Each structure stands twice: as C-alpha cells, then as structure tokens.
Amino acid sequence: MSAPEPRWGRRRLLQTGAVALGGAGTGWSAAALGLSDRRATPSEQAGATSAPPTLSRTVAFHGPHQAGIATPPQAYVAVLGMDLLEPGRDSLGRLMRLLSDDIARLSRGLPALADTEAELAVAPASLTATFGFGPRLMELLAPGTLAPLPAFSTDRLDEAWGQTDVAVQICADDPITLAHARRMLLKDSVGLARLVWVQEGFRRAAGTEPDGTTMRNLMGQVDGTVNPAEADSTFGGLVWSDSEPMRGGSFMILRRIRMLLETWDAVDRSGREAVVGRRLDTGAPLTGTREHDVPDLEATNDFDLPVIDPASHMARARSDDPQQQFLRRGYNYVVPDPSRPTGEDSGLLFVAFAADIDKQFVPVQERLAELDRLNEWVTTIGSAVYAVPPGAADGEYVGQGLVES
Amino acid sequence: MKNSRMTSLLAAVALTALLGGLSACGEDTSSTSAADESTASATTSSTQSAVLSIEDPWIKVAEDGMTGAFGKLVNSGDEDIVVTAASSEVASMMELHETTMNADGEMAMSPIEGGFVIPAGGTHVLEPGADHLMVMGLTRPIAAGESVVITLTLEDGSTLEVTAIGKNYAGANEEYVGDDSSDMGEMSDHS
C-alpha cells in the first residue's frame, strides 16, 4: 500500500474499506459520511488493513445456505418461538417475506423497511437470522421431512419452552443490534404469528478470544470440543441436507438444558473432571494433555480402573459411527429466578444442526438419557426441532421453495 | 436525504462485495426480496412513466377506513415528472397528501396542490409524517406481507403500476383535513 492517507476519504473507503472488508462497507460508509472531516486515529489507520471493527462486520444473508449455522457463533443469541395465527402457506409466505426482507437489510447495516429506529441499524455487528419451521408446518409443506424427537427418559419438559411453528435464531455481536433486529421482526409478525417464547443466550464478548476457541459453559467446562468445522470434508454431509425439498437446508435441535449449579457447587475438581472425562483447565481428555487429543477409553490407572469413566459424559456421547456427529452452536443462558437456591435459572441453550436428526442426534441423546454421570446436574426442560430451509437468493424469501411448491 | 447518492454508491459497492459480483446492484440500493417483489413497470416506453420508478413501496396495514402508502419515487429522466393522481382496487378513493402544520400547531395532512413533483434526475420521498399516498374507503383489509397494486397517473397521462407490501406501522396518524373529513376520522391504526 502507498503512504497512509490522513482521512477516511471516499476513495479510501471504496478501495480498502468496502471491498477489502468483504461487504462490511455499508456500516462504515454510514458512519464515515457523518464523520468525513474527522481525522482517523492511529489505531484506525493501523486497523484499515486488518479485520473491521466488530460493529461493522457483516454476514451475507443471501446464499445457498442460511446464515447463522456455519457462521462462527456470535456473542449473543435470541431465539424467537412463534406460532402462526392461521397455519398455512399464505400466512407463512407473508411472514417470511417480511422477516427475510428485514434481515436482508439489517444484516447490511441498512434500516429495515419502515424502520422507526433507523439509526440503530447502522451497526450490523455480524447480525444473522436463521429461520426454522416446526413439525406442524412441515407436515403441511413437505410431509415426512420432520418428526418430533422421541421422548427421552431424563427430560423434564416444560410446555413454556416447547415446540412452535417457527423459530428465528437471531445472532449478533452487539446486544443493541440484536435488540433492534428482534423488535423489528416482532413488529412485522403482528397479525401473522404469536410469540410463544424468547430464549436468550451469550458467549464471550466478541473478539476477546482467538477465533475457534471452544466455549465454556456455566459449569466451567470446555463445551463443544468434538464439533465439525466448516473446513472439514465431512462438514457438508453432517450439516446440509442433500434431499429435496430441503437440499442445502438443515435441521435444528433446540434444547434448554438447566444446570443444577447449587448441587454442582458441592462437587470438587477431581469429581467434576471425572463426571465429564475431561480436564477443567484445558478441556483435554483425562488421558491426554491438549483439548483435541483423542481420548483413550481403554487406559487404566494404577488401581486397574479406567482413567475415563465409561459412564462419563464424554465416554457416553462418543461414538465410533462417524454419522453420529452434528454441529453444536450452543449458548449459555441465565435468567433471574428467585425461587431457586442460586437465585437464578442457569444452563445451556443447546443449539445443534444436522442433516438427519434421527441418524445423527437421536442415538447420541438416547445413550446419554440411558446413562451419563452428568445427568445428576443437568435437566432438559425445553425441546423443539425445526426444519431450516436452504438459504434464499437475492429477491427471494427464506422458505419460498417450500411455501410456494 | 443529503448524500443519498453517496450512500447509494457505497451500498452498491458493498452489495457487489457481498454477492461476489452478481448483477444484483444496478443503481437500486434496495435489491432485497420485498423490494424486488415491488418493482414498478411502465406502460409504454416513450412516456414519463418509462423513466419513473419507485423504491421500497409499502402500505400501512389497516382493517378498514383509511391508510397510507409510501416509497421513494425516482426520476431517471431529464425532465421533471408530476404525479397527478393515484388509484387502487383496494380503495374507493386515493389522494396525494402533504403534511403541514395547521393554525393550532398540529401536524395535519391535506391534498397537495399540483401533485408530487419528482425533479429531473432526482427523487421524491413519500413517508409517514410527510408527503404520502392517502388510501381512503378501503374495500377490504390490508394484511401484513400482502401485495397491493397502486396505479400512479402522471402529468402526461401515462401510468405506473406499483406493488406495495403491507407493513404493520403504528405511526402515520396525522389528522386529515379534507373537504369532507366528517366521516373519515383518523387513519386506521391496526396495531
């Protein structure tokens, strides 16, 4: 590059900002237009060729797959569960047309149509919205493509977090961006759908950990080590459906897993590590030293006892069948609950995507329900599944192929 | 809006980057699903309507009575264009309205003298609280997400068909001061 320009000039934005940042230019441009006389600070100049600021980053809404699945998890999530007031193709089509248009704009840092808080839209902050349709709608649109999960013996399901017709997983790296998108979607749902629940969650603040760092859950564990990465050759087959009419889409499993932290508090470190089969500090299997080391389930200690308890969470979840894997994209949740000993209801918003729920997810969950030492401290209180249609092309709405087939 | 051309240019660049060079941009910043459903079509090619288009047309959801329709009129020609009238099968009558402050200091809407003028190469924004299309005597409810066809008549007699999308909107409730406001009341407020 030539000598640094002293300003965020128009040419600089066009040459480096909007293009080099892979489409993040919209948010930048809006900000830069109002600040055209302001000199860039040294850090801004230095940052011009590296990643754009968190607030300006964008994730493309249109494409073969919906955003918010292969997208590296943003810091915040709110999943909206809604029931259609008149379940049918007409009202679903109208809802999806409105909501898709909202996100197509907001994800670029542009106000939604008739946006009453247009100024809140200038920071896209990697906003994505991922839309899913529940079993009742799928029976109407494409019978036989989505069945409810079987009952698991350990579930203690609360109807309040149950199955809905539509789920919208909204993710962003900024809570105001998320709040604005969520409000816009809810306003556009009036008259078409009824909000049943909102499930909020969080990870570490954006940019505070190296990319690809496995999340820690609120029990303190590294949670999600064995997870397909988009670069893996197996990723597409595990995540994207290859059969019509869902080709390019996926299936979402959403489970609200409460943690009983008041009793977990009584478990010491070695007990905690034994329950999961992994070290607390690194997340490494108890037979290894690094997080991604392959566990040795046959290894024994001096007393001839297995190093990794066969009833531990890891041992029970693990499978030699390469099909029994799925993409986990979970979030922590905490909501105030003065009725509980901790004053809070804490847990994991388990969000997973799979090309085939019955082949990939159900066998794993059945094993965990049958036996998993972790079950003493976790209880699934909400559960739902959704068909996640393929992504929309520019000018289409999400699910158009299903709704108008 | 000031700087609208600049915004448009930058948005187009950003879109190009986003879409990997798909021919989705053109000069329209609003190439999104609802907007694409709502593109306008001209009746003939040698008329004013051939160079007039509308971006992001929408109509406020309403059960009955009155409502408003909005959007950004774009004149790509080299002569001013005047919209003189509007009509739709969903309304028994439509008017072109402006919103001004009345003698009591309240914002009120009333038919605009001389229609909407879209300057050569320029735009004219129709939005709540400002100039808009007044939709009166609804013949049926306007539902969220549905398409409503509105026909704009231009000074030279040509017409432009606009497909507006129904949107929930709580605002746009300015008092109507027409020739006969006794049976009109406020614009319907669905939400």
# chains A, B, ... in the order shown; residues from 1 in each chain; ligands from 1

$ residues_around --residues "A:Gly330" --least-positions-apart "2" --cutoff "10 Å" --atoms "only C-alpha atoms" --output "list in words"
Pro73, Val77, Gly201, Phe202, Arg203, Met215, Asn217, Asp223, Gly224, Leu254, Arg255, Arg256, Leu327, Arg328, Asn332, Tyr333, Leu348, Leu349, Phe350, Val351 and Ala352 of chain A

$ select_by_dssp --residues "stretch 312-353 of chain A" --states "strand (DSSP E)" --output "ChimeraX atom specification"
/A:327-328,331-336,344-353

$ write_last_selection --atoms "C-alpha atoms" --output "CSV table (one decimal), in the first residue's frame"
chain,number,residue,atom,x,y,z
A,327,LEU,CA,-22.8,-29.2,14.6
A,328,ARG,CA,-23.2,-27.7,18.1
A,331,TYR,CA,-25.1,-20.6,24.1
A,332,ASN,CA,-25.1,-20.1,27.9
A,333,TYR,CA,-28.3,-18.8,29.5
A,334,VAL,CA,-29.0,-17.2,32.9
A,335,VAL,CA,-32.3,-15.8,33.8
A,336,PRO,CA,-33.3,-14.4,37.3
A,344,GLU,CA,-31.0,-17.9,39.0
A,345,ASP,CA,-32.0,-20.4,36.4
A,346,SER,CA,-28.8,-21.2,34.6
A,347,GLY,CA,-28.0,-23.5,31.8
A,348,LEU,CA,-27.1,-24.2,28.3
A,349,LEU,CA,-29.2,-23.3,25.3
A,350,PHE,CA,-28.3,-26.4,23.2
A,351,VAL,CA,-28.5,-25.5,19.6
A,352,ALA,CA,-27.4,-28.1,17.1
A,353,PHE,CA,-27.7,-28.6,13.3

$ residues_around --residues "B:Gly115" --least-positions-apart "4" --cutoff "12 Å" --atoms "only C-alpha atoms" --output "PDB file with N, CA and C atoms, in the first residue's frame"
ATOM      1  N   ILE B  81     -41.079  15.266 -13.463  1.00  0.00           N
ATOM      2  CA  ILE B  81     -42.289  14.453 -13.625  1.00  0.00           C
ATOM      3  C   ILE B  81     -43.239  14.824 -12.498  1.00  0.00           C
ATOM      4  N   VAL B  82     -44.527  14.914 -12.825  1.00  0.00           N
ATOM      5  CA  VAL B  82     -45.527  15.207 -11.802  1.00  0.00           C
ATOM      6  C   VAL B  82     -46.496  14.028 -11.702  1.00  0.00           C
ATOM      7  N   VAL B  83     -46.633  13.515 -10.488  1.00  0.00           N
ATOM      8  CA  VAL B  83     -47.674  12.514 -10.228  1.00  0.00           C
ATOM      9  C   VAL B  83     -48.942  13.297  -9.904  1.00  0.00           C
ATOM     10  N   THR B  84     -49.988  13.054 -10.677  1.00  0.00           N
ATOM     11  CA  THR B  84     -51.202  13.862 -10.509  1.00  0.00           C
ATOM     12  C   THR B  84     -52.308  13.125  -9.791  1.00  0.00           C
ATOM     13  N   ALA B  85     -52.278  11.788  -9.797  1.00  0.00           N
ATOM     14  CA  ALA B  85     -53.363  11.030  -9.166  1.00  0.00           C
ATOM     15  C   ALA B  85     -52.898   9.620  -8.858  1.00  0.00           C
ATOM     16  N   ALA B  86     -53.642   8.950  -7.978  1.00  0.00           N
ATOM     17  CA  ALA B  86     -53.357   7.557  -7.645  1.00  0.00           C
ATOM     18  C   ALA B  86     -54.666   6.818  -7.460  1.00  0.00           C
ATOM     19  N   GLU B  95     -55.849   9.948  -2.574  1.00  0.00           N
ATOM     20  CA  GLU B  95     -55.421  11.335  -2.744  1.00  0.00           C
ATOM     21  C   GLU B  95     -53.910  11.435  -2.542  1.00  0.00           C
ATOM     22  N   LEU B  96     -53.342  12.491  -3.102  1.00  0.00           N
ATOM     23  CA  LEU B  96     -51.924  12.782  -2.885  1.00  0.00           C
ATOM     24  C   LEU B  96     -51.855  13.799  -1.759  1.00  0.00           C
ATOM     25  N   HIS B  97     -51.209  13.441  -0.674  1.00  0.00           N
ATOM     26  CA  HIS B  97     -51.257  14.290   0.513  1.00  0.00           C
ATOM     27  C   HIS B  97     -49.907  14.873   0.883  1.00  0.00           C
ATOM     28  N   GLU B  98     -49.984  16.047   1.471  1.00  0.00           N
ATOM     29  CA  GLU B  98     -48.826  16.613   2.150  1.00  0.00           C
ATOM     30  C   GLU B  98     -49.182  16.746   3.621  1.00  0.00           C
ATOM     31  N   SER B 110     -53.318  17.070   4.148  1.00  0.00           N
ATOM     32  CA  SER B 110     -54.341  17.561   3.238  1.00  0.00           C
ATOM     33  C   SER B 110     -53.847  17.367   1.810  1.00  0.00           C
ATOM     34  N   PRO B 111     -54.769  17.353   0.842  1.00  0.00           N
ATOM     35  CA  PRO B 111     -54.361  17.149  -0.555  1.00  0.00           C
ATOM     36  C   PRO B 111     -53.347  18.214  -0.972  1.00  0.00           C
ATOM     37  N   HIS B 124     -38.271  11.790  -4.932  1.00  0.00           N
ATOM     38  CA  HIS B 124     -39.270  12.394  -4.061  1.00  0.00           C
ATOM     39  C   HIS B 124     -39.729  11.315  -3.086  1.00  0.00           C
ATOM     40  N   ASP B 131     -45.079  13.899   2.764  1.00  0.00           N
ATOM     41  CA  ASP B 131     -45.909  13.569   1.609  1.00  0.00           C
ATOM     42  C   ASP B 131     -46.184  12.061   1.567  1.00  0.00           C
ATOM     43  N   HIS B 132     -47.394  11.714   1.171  1.00  0.00           N
ATOM     44  CA  HIS B 132     -47.737  10.283   1.092  1.00  0.00           C
ATOM     45  C   HIS B 132     -48.957  10.084   0.216  1.00  0.00           C
ATOM     46  N   LEU B 133     -49.215   8.835  -0.096  1.00  0.00           N
ATOM     47  CA  LEU B 133     -50.432   8.481  -0.813  1.00  0.00           C
ATOM     48  C   LEU B 133     -51.503   8.141   0.213  1.00  0.00           C
ATOM     49  N   LEU B 152     -50.268   4.865 -10.305  1.00  0.00           N
ATOM     50  CA  LEU B 152     -49.995   6.303 -10.264  1.00  0.00           C
ATOM     51  C   LEU B 152     -50.225   6.875 -11.664  1.00  0.00           C
ATOM     52  N   THR B 153     -50.936   7.991 -11.732  1.00  0.00           N
ATOM     53  CA  THR B 153     -51.145   8.664 -13.012  1.00  0.00           C
ATOM     54  C   THR B 153     -50.243   9.890 -13.068  1.00  0.00           C
ATOM     55  N   LEU B 154     -49.538  10.020 -14.193  1.00  0.00           N
ATOM     56  CA  LEU B 154     -48.576  11.109 -14.338  1.00  0.00           C
ATOM     57  C   LEU B 154     -49.168  12.213 -15.218  1.00  0.00           C
ATOM     58  N   GLU B 155     -48.476  13.324 -15.225  1.00  0.00           N
ATOM     59  CA  GLU B 155     -48.972  14.522 -15.903  1.00  0.00           C
ATOM     60  C   GLU B 155     -49.296  14.279 -17.386  1.00  0.00           C
TER      61      GLU B 155
END

$ residues_around --residues "B:Trp58" --least-positions-apart "4" --cutoff "8 Å" --atoms "only C-alpha atoms" --output "NGL selection string"
:B and (69-71 or 163-167)

$ closest_residue --among "B:Ser49, B:Thr151, B:Asn168, B:Asn75" --to "B:Ile118" --atoms "only C-alpha atoms"
B:Asn75

$ closest_atom_pairs --of "stretch 176-249 of chain A" --to "stretch 364-388 of chain A" --cutoff "10 Å" --atoms "only C-alpha atoms" --output "Markdown table"
| residue | atom | partner | partner_atom | distance |
| --- | --- | --- | --- | --- |
| A:Met219 | CA | A:Trp377 | CA | 9.5 |
| A:Trp240 | CA | A:Val388 | CA | 9.6 |
| A:Ser241 | CA | A:Val388 | CA | 9.6 |
| A:Met246 | CA | A:Val388 | CA | 7.9 |
| A:Gly248 | CA | A:Val388 | CA | 9.2 |
| A:Gly249 | CA | A:Val388 | CA | 5.4 |

$ atom_distance --atom1 "atom CA of B:Leu73" --atom2 "atom CA of B:Ile112"
16.1 Å

$ select_by_dssp --residues "stretch 279-368 of chain A" --states "alpha helix (DSSP H)" --output "PyMOL selection string"
chain A and resi 313-317+357-360+362-368

$ residues_around --residues "stretch 111-116 of chain A" --least-positions-apart "6" --cutoff "12 Å" --atoms "only C-alpha atoms" --output "number ranges by chain"
A: 26-27, 30, 97-105, 122-124, 177, 180-185, 187-188; B: 29-30, 32-35, 55-61, 69-72, 126-129, 145, 164-172

$ write_last_selection --atoms "C-alpha atoms" --output "PDB file, in the first residue's frame"
ATOM      1  CA  THR A  26     -22.280  -0.237   4.403  1.00  0.00           C
ATOM      2  CA  GLY A  27     -21.996   0.279   8.103  1.00  0.00           C
ATOM      3  CA  ALA A  30     -22.890   5.453   7.028  1.00  0.00           C
ATOM      4  CA  ARG A  97     -41.354 -12.335   3.029  1.00  0.00           C
ATOM      5  CA  LEU A  98     -41.452  -9.569   5.637  1.00  0.00           C
ATOM      6  CA  LEU A  99     -38.904 -11.066   8.014  1.00  0.00           C
ATOM      7  CA  SER A 100     -36.457 -12.054   5.267  1.00  0.00           C
ATOM      8  CA  ASP A 101     -36.543  -8.538   3.888  1.00  0.00           C
ATOM      9  CA  ASP A 102     -35.900  -7.100   7.344  1.00  0.00           C
ATOM     10  CA  ILE A 103     -32.798  -9.222   7.869  1.00  0.00           C
ATOM     11  CA  ALA A 104     -31.553  -8.766   4.298  1.00  0.00           C
ATOM     12  CA  ARG A 105     -31.373  -5.055   5.048  1.00  0.00           C
ATOM     13  CA  VAL A 122     -26.030   1.273  11.208  1.00  0.00           C
ATOM     14  CA  ALA A 123     -24.097  -1.359  13.194  1.00  0.00           C
ATOM     15  CA  PRO A 124     -24.693  -4.778  11.614  1.00  0.00           C
ATOM     16  CA  THR A 177     -28.106  -4.596  17.228  1.00  0.00           C
ATOM     17  CA  HIS A 180     -33.272  -3.798  17.274  1.00  0.00           C
ATOM     18  CA  ALA A 181     -33.467  -6.734  14.863  1.00  0.00           C
ATOM     19  CA  ARG A 182     -35.582  -8.692  17.290  1.00  0.00           C
ATOM     20  CA  ARG A 183     -38.020  -5.841  17.773  1.00  0.00           C
ATOM     21  CA  MET A 184     -38.279  -5.295  14.030  1.00  0.00           C
ATOM     22  CA  LEU A 185     -39.082  -8.974  13.455  1.00  0.00           C
ATOM     23  CA  LYS A 187     -43.335  -5.848  14.863  1.00  0.00           C
ATOM     24  CA  ASP A 188     -43.554  -7.471  11.455  1.00  0.00           C
TER      25      ASP A 188
ATOM     26  CA  THR B  29     -29.840   0.236  -3.245  1.00  0.00           C
ATOM     27  CA  SER B  30     -32.854  -1.793  -2.261  1.00  0.00           C
ATOM     28  CA  THR B  32     -33.974  -7.092  -1.397  1.00  0.00           C
ATOM     29  CA  SER B  33     -36.795  -9.542  -1.518  1.00  0.00           C
ATOM     30  CA  ALA B  34     -39.758  -7.354  -0.742  1.00  0.00           C
ATOM     31  CA  ALA B  35     -38.418  -4.573  -2.893  1.00  0.00           C
ATOM     32  CA  GLU B  55     -38.103   2.048  -4.399  1.00  0.00           C
ATOM     33  CA  ASP B  56     -39.430   0.239  -1.357  1.00  0.00           C
ATOM     34  CA  PRO B  57     -43.156   0.852  -1.796  1.00  0.00           C
ATOM     35  CA  TRP B  58     -45.205  -0.140   1.253  1.00  0.00           C
ATOM     36  CA  ILE B  59     -48.694   0.345   2.598  1.00  0.00           C
ATOM     37  CA  LYS B  60     -49.725   0.526   6.221  1.00  0.00           C
ATOM     38  CA  VAL B  61     -51.751  -2.464   7.414  1.00  0.00           C
ATOM     39  CA  ALA B  69     -48.843   4.241   1.165  1.00  0.00           C
ATOM     40  CA  PHE B  70     -45.195   5.230   0.932  1.00  0.00           C
ATOM     41  CA  GLY B  71     -41.985   4.793  -1.041  1.00  0.00           C
ATOM     42  CA  LYS B  72     -39.268   6.692  -2.834  1.00  0.00           C
ATOM     43  CA  LEU B 126     -43.234   9.536   0.390  1.00  0.00           C
ATOM     44  CA  GLU B 127     -43.099   8.712   4.100  1.00  0.00           C
ATOM     45  CA  PRO B 128     -45.145   8.913   7.285  1.00  0.00           C
ATOM     46  CA  GLY B 129     -45.346  12.448   8.574  1.00  0.00           C
ATOM     47  CA  GLY B 145     -46.962  -9.034   3.991  1.00  0.00           C
ATOM     48  CA  ALA B 164     -46.667  -2.137  -2.267  1.00  0.00           C
ATOM     49  CA  ILE B 165     -46.131  -4.591   0.590  1.00  0.00           C
ATOM     50  CA  GLY B 166     -48.359  -4.427   3.670  1.00  0.00           C
ATOM     51  CA  LYS B 167     -46.424  -3.452   6.794  1.00  0.00           C
ATOM     52  CA  ASN B 168     -47.530  -3.053  10.390  1.00  0.00           C
ATOM     53  CA  TYR B 169     -46.898   0.523  11.379  1.00  0.00           C
ATOM     54  CA  ALA B 170     -48.137   2.395  14.424  1.00  0.00           C
ATOM     55  CA  GLY B 171     -47.475   5.905  13.167  1.00  0.00           C
ATOM     56  CA  ALA B 172     -48.843   7.910  10.259  1.00  0.00           C
TER      57      ALA B 172
END
